[in-house]
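Source file: target.txt; contents: compact mmCIF, C-alpha atoms.
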# COMPACT_ATOMS: atom_id res chain seq x y z
CA MET T 187 -73.23 -49.94 -136.53
CA PRO T 188 -69.44 -49.78 -135.99
CA ALA T 189 -67.32 -52.52 -137.54
CA SER T 190 -66.15 -53.76 -134.14
CA ALA T 191 -69.64 -54.22 -132.69
CA PRO T 192 -70.58 -57.88 -132.18
CA THR T 193 -73.26 -59.31 -134.42
CA PRO T 194 -75.60 -62.16 -133.51
CA GLN T 195 -73.38 -64.50 -135.53
CA HIS T 196 -70.40 -63.64 -133.31
CA ASP T 197 -72.32 -64.30 -130.11
CA ARG T 198 -72.44 -68.04 -130.74
CA THR T 199 -70.37 -70.04 -128.33
CA LEU T 200 -67.97 -72.71 -129.41
CA ARG T 201 -68.19 -76.14 -127.91
CA ALA T 202 -65.77 -79.02 -128.09
CA VAL T 203 -66.90 -82.10 -129.95
CA PRO T 204 -65.18 -85.35 -128.99
CA GLN T 205 -63.50 -87.12 -131.88
CA GLN T 206 -64.31 -90.70 -132.70
CA PRO T 207 -61.40 -93.14 -132.25
CA ARG T 208 -59.95 -94.54 -135.45
CA ALA T 209 -61.11 -98.07 -136.13
CA HIS T 210 -58.04 -99.19 -138.07
CA ALA T 211 -54.73 -97.39 -138.13
CA ARG T 212 -53.87 -99.06 -141.45
CA SER T 213 -57.15 -99.48 -143.26
CA HIS T 214 -55.44 -99.81 -146.65
CA LEU T 215 -53.87 -103.19 -145.78
CA HIS T 216 -56.04 -106.27 -145.59
CA ALA T 217 -55.04 -109.89 -145.21
CA VAL T 218 -56.14 -112.29 -147.89
CA PRO T 219 -58.28 -115.01 -146.27
CA ASP T 220 -57.00 -118.60 -146.38
CA VAL T 221 -58.75 -121.13 -148.59
CA VAL T 222 -60.18 -124.00 -146.55
CA PRO T 223 -59.55 -127.38 -148.22
CA SER T 224 -62.69 -129.32 -148.97
CA ALA T 225 -63.45 -132.96 -149.70
CA THR T 226 -63.35 -132.31 -153.44
CA GLY T 227 -59.84 -130.90 -153.16
CA LEU T 228 -60.75 -127.58 -154.81
CA GLY T 229 -61.10 -125.62 -151.60
CA ALA T 230 -64.11 -123.81 -150.27
CA ALA T 231 -64.65 -120.12 -150.59
CA PRO T 232 -63.92 -118.05 -147.49
CA PRO T 233 -66.93 -116.98 -145.44
CA ALA T 234 -68.75 -113.98 -146.84
CA ARG T 235 -68.26 -110.65 -145.11
CA SER T 236 -70.13 -107.44 -145.56
CA PRO T 237 -68.01 -105.07 -147.66
CA SER T 238 -66.68 -102.04 -145.87
CA PRO T 239 -67.16 -98.72 -147.66
CA SER T 240 -63.46 -97.92 -147.13
CA ARG T 241 -62.38 -100.98 -149.09
CA VAL T 242 -61.76 -100.75 -152.77
CA PRO T 243 -62.01 -104.02 -154.70
CA GLY T 244 -58.73 -105.03 -156.29
CA ARG T 245 -56.59 -102.96 -153.88
CA ARG T 246 -55.59 -105.76 -151.52
CA ALA T 247 -52.03 -106.34 -150.49
CA VAL T 248 -50.91 -109.94 -150.42
CA LEU T 249 -49.42 -110.59 -147.00
CA ASP T 250 -48.28 -114.14 -147.58
CA GLY T 251 -46.97 -116.10 -150.50
CA PRO T 252 -43.57 -116.82 -151.97
CA PRO T 253 -41.02 -114.02 -151.67
CA VAL T 254 -40.64 -111.84 -154.73
CA ASP T 255 -37.45 -110.18 -155.92
CA PRO T 256 -37.61 -106.39 -155.67
CA PRO T 257 -37.67 -104.43 -158.91
CA PRO T 258 -34.33 -103.21 -160.24
CA ASP T 259 -33.21 -99.73 -159.22
CA ALA T 260 -33.22 -98.66 -162.88
CA PHE T 261 -36.95 -99.46 -163.09
CA VAL T 262 -37.74 -97.31 -160.03
CA GLN T 263 -35.56 -94.47 -161.34
CA ARG T 264 -37.28 -94.64 -164.72
CA LEU T 265 -40.73 -94.43 -163.07
CA ALA T 266 -39.61 -91.37 -161.09
CA VAL T 267 -38.31 -89.59 -164.20
CA TYR T 268 -41.46 -90.47 -166.17
CA ALA T 269 -43.70 -89.09 -163.40
CA PHE T 270 -41.64 -85.88 -163.36
CA GLU T 271 -41.91 -85.62 -167.16
CA VAL T 272 -45.69 -86.10 -167.00
CA LEU T 273 -45.97 -83.16 -164.60
CA GLU T 274 -43.71 -81.07 -166.83
CA GLY T 275 -45.97 -81.82 -169.82
CA VAL T 276 -43.23 -83.60 -171.82
CA ARG T 277 -44.70 -87.11 -171.55
CA SER T 278 -48.28 -88.39 -171.57
CA VAL T 279 -49.61 -90.60 -168.80
CA ALA T 280 -50.55 -93.28 -171.34
CA GLN T 281 -46.88 -93.89 -172.15
CA PHE T 282 -46.34 -95.68 -168.86
CA GLY T 283 -49.93 -96.64 -168.10
CA GLY T 284 -49.06 -100.34 -167.75
CA TRP T 285 -46.78 -99.63 -164.80
CA ILE T 286 -49.26 -97.56 -162.76
CA THR T 287 -52.79 -97.99 -161.46
CA PRO T 288 -55.71 -95.93 -162.82
CA GLU T 289 -55.82 -93.96 -159.56
CA VAL T 290 -52.20 -92.88 -159.99
CA ALA T 291 -52.87 -91.93 -163.62
CA ALA T 292 -55.81 -89.74 -162.58
CA ALA T 293 -53.78 -88.07 -159.83
CA LEU T 294 -50.90 -87.33 -162.23
CA LYS T 295 -53.30 -85.85 -164.78
CA ALA T 296 -54.83 -83.59 -162.14
CA ARG T 297 -51.41 -82.41 -160.92
CA ARG T 298 -50.30 -81.79 -164.50
CA ALA T 299 -53.36 -79.60 -165.11
CA LEU T 300 -52.57 -77.56 -161.99
CA ARG T 301 -48.96 -77.11 -163.03
CA ALA T 302 -50.00 -76.08 -166.56
CA GLU T 303 -52.33 -73.46 -165.08
CA ARG T 304 -49.54 -72.13 -162.87
CA GLU T 305 -47.16 -71.93 -165.82
CA ALA T 306 -49.77 -70.05 -167.84
CA LEU T 307 -50.25 -67.52 -165.03
CA THR T 308 -46.53 -66.98 -164.42
CA ARG T 309 -45.60 -67.30 -168.13
CA ASP T 310 -42.82 -69.67 -167.20
CA ARG T 311 -42.24 -71.87 -170.26
CA ARG T 312 -38.89 -73.38 -169.27
CA ARG T 313 -38.52 -77.11 -169.72
CA ARG T 314 -36.65 -78.88 -166.97
CA THR T 315 -34.83 -82.14 -167.51
CA ALA T 316 -34.18 -84.39 -164.55
CA THR T 317 -31.31 -86.72 -163.81
CA PRO T 318 -32.18 -89.44 -161.30
CA GLY T 319 -30.09 -90.11 -158.24
CA ARG T 320 -29.86 -93.38 -156.37
CA ALA T 321 -33.12 -95.23 -155.61
CA HIS T 322 -33.71 -95.96 -151.92
CA LEU T 323 -35.97 -99.00 -151.42
CA SER T 324 -37.65 -100.28 -148.29
CA THR T 325 -39.91 -103.30 -147.84
CA PRO T 326 -42.66 -102.77 -145.24
CA LEU T 327 -44.37 -106.02 -146.36
CA PRO T 328 -43.13 -108.90 -148.55
CA HIS T 329 -44.99 -107.80 -151.68
CA ILE T 330 -44.80 -104.02 -151.17
CA ILE T 331 -41.87 -101.72 -151.90
CA GLU T 332 -41.67 -98.07 -150.92
CA ALA T 333 -39.03 -96.13 -152.81
CA THR T 334 -37.66 -92.61 -153.00
CA VAL T 335 -35.59 -91.12 -155.78
CA VAL T 336 -34.00 -87.68 -155.82
CA LEU T 337 -34.20 -86.03 -159.24
CA HIS T 338 -31.62 -83.36 -159.96
CA THR T 339 -32.42 -80.46 -162.31
CA GLU T 340 -30.33 -77.41 -163.18
CA SER T 341 -31.78 -75.18 -160.47
CA ARG T 342 -33.15 -77.53 -157.82
CA SER T 343 -33.67 -81.08 -156.71
CA THR T 344 -37.00 -82.85 -156.48
CA VAL T 345 -37.96 -85.98 -154.54
CA VAL T 346 -40.27 -88.63 -155.93
CA ALA T 347 -41.88 -91.13 -153.53
CA ILE T 348 -43.25 -94.32 -155.07
CA ARG T 349 -45.20 -97.23 -153.58
CA LEU T 350 -44.99 -100.43 -155.61
CA GLU T 351 -47.12 -103.52 -155.10
CA HIS T 352 -46.54 -106.90 -156.68
CA ARG T 353 -49.78 -108.03 -158.29
CA ARG T 354 -50.42 -110.54 -161.03
CA GLU T 355 -46.74 -111.36 -161.51
CA ARG T 356 -45.60 -107.74 -161.97
CA TRP T 357 -44.71 -104.61 -160.02
CA ARG T 358 -47.14 -101.70 -160.36
CA ALA T 359 -47.00 -98.25 -158.81
CA THR T 360 -50.04 -97.71 -156.58
CA ASP T 361 -48.95 -94.27 -155.40
CA ILE T 362 -46.54 -91.69 -156.82
CA THR T 363 -45.85 -88.33 -155.19
CA VAL T 364 -43.58 -85.74 -156.80
CA LEU T 365 -42.59 -83.20 -154.19
How would this structure read if it were set down as C-alpha cells?
Amino acid sequence: MPASAPTPQHDRTLRAVPQQPRAHARSHLHAVPDVVPSATGLGAAPPARSPSPSRVPGRRAVLDGPPVDPPPDAFVQRLAVYAFEVLEGVRSVAQFGGWITPEVAAALKARRALRAEREALTRDRRRRTATPGRAHLSTPLPHIIEATVVLHTESRSTVVAIRLEHRRERWRATDITVL
C-alpha cells in the first residue's frame, strides 16, 4: 500500500465538542466566612459546606482583617536571588524553607533536576551569579503581594515572579517562577 493511501484510522471524522463554561474565574481565592456571635460570646462555627475538590486546605487568602505592611524590597530581592541559586544548584531548598510553602519547594526541586539534566547533556558547568535589580510590588488584595525582580548576570537577565501571602503573622512565598 502506498504511504499516501488513507487508512481506516484516517477516515474518522472530527467533530466539535462544546467546552464547559468555567465555574469560577479565580478559584484560588476564597473568602473566609464570618464568625456569627453566639449567646456565650465565643461565636458559632460557620455553616458546614461540602469541600470542593479544587480547594486545598490551608491555601485560603484572607480578604479582610487589619492592613499589613508589605515586606521590605530587600526581602523580596533576597527571595529572588535564593530561588535563582536553587535552580543553579548553588543553594539547597531547605536553606530558605521557612519563607516558602511546600508546593513551591517541590516545584523548585523539580526545576533544578531538569536544569541539572540539561547541564549534563550540554556539558555546561558555568556558575552564574545574579545581582538583583529593583523589586516591583503590587497588591491585588490586602494580604497578597505580587512581585517581580530582574536578576542581572554576566550574559543575560532573568526575571523572577513571586507571589507572597501574609499568613500566621509572616510573609510566605506561595508561588515563585524563574523565567
(request) Give the answer as one residue: which of T:Leu273, T:Glu340, T:Asp259, T:Ala359 has the shortest atom-to-atom distance to Ala302 in chain T, using only C-alpha atoms? (result) T:Leu273
(message) Show me the residues close to (-28.9, -98.6, -165.5) - anything with an atom within 12 Å, counting all atoms listed in the file - and format the list as a ChimeraX atom specification.
(response) /T:258-264,318-321
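The nearest approach to Gly275 in chain T among the residues T:Ser343, T:Thr315, T:Thr308, T:Thr360, with all atoms listed in the file taken into account, belongs to T:Thr315.
Going from CA of Glu274 in chain T to CA of Thr287 in chain T covers 19.9 Å.
Comparing T:Leu327, T:Val335, T:Val346, T:Val364 by their smallest distance to Pro256 in chain T, the closest is T:Leu327 (using all atoms listed in the file).
Counting from CA of Asp361 in chain T, the distance to CA of Leu307 in chain T is 28.5 Å.
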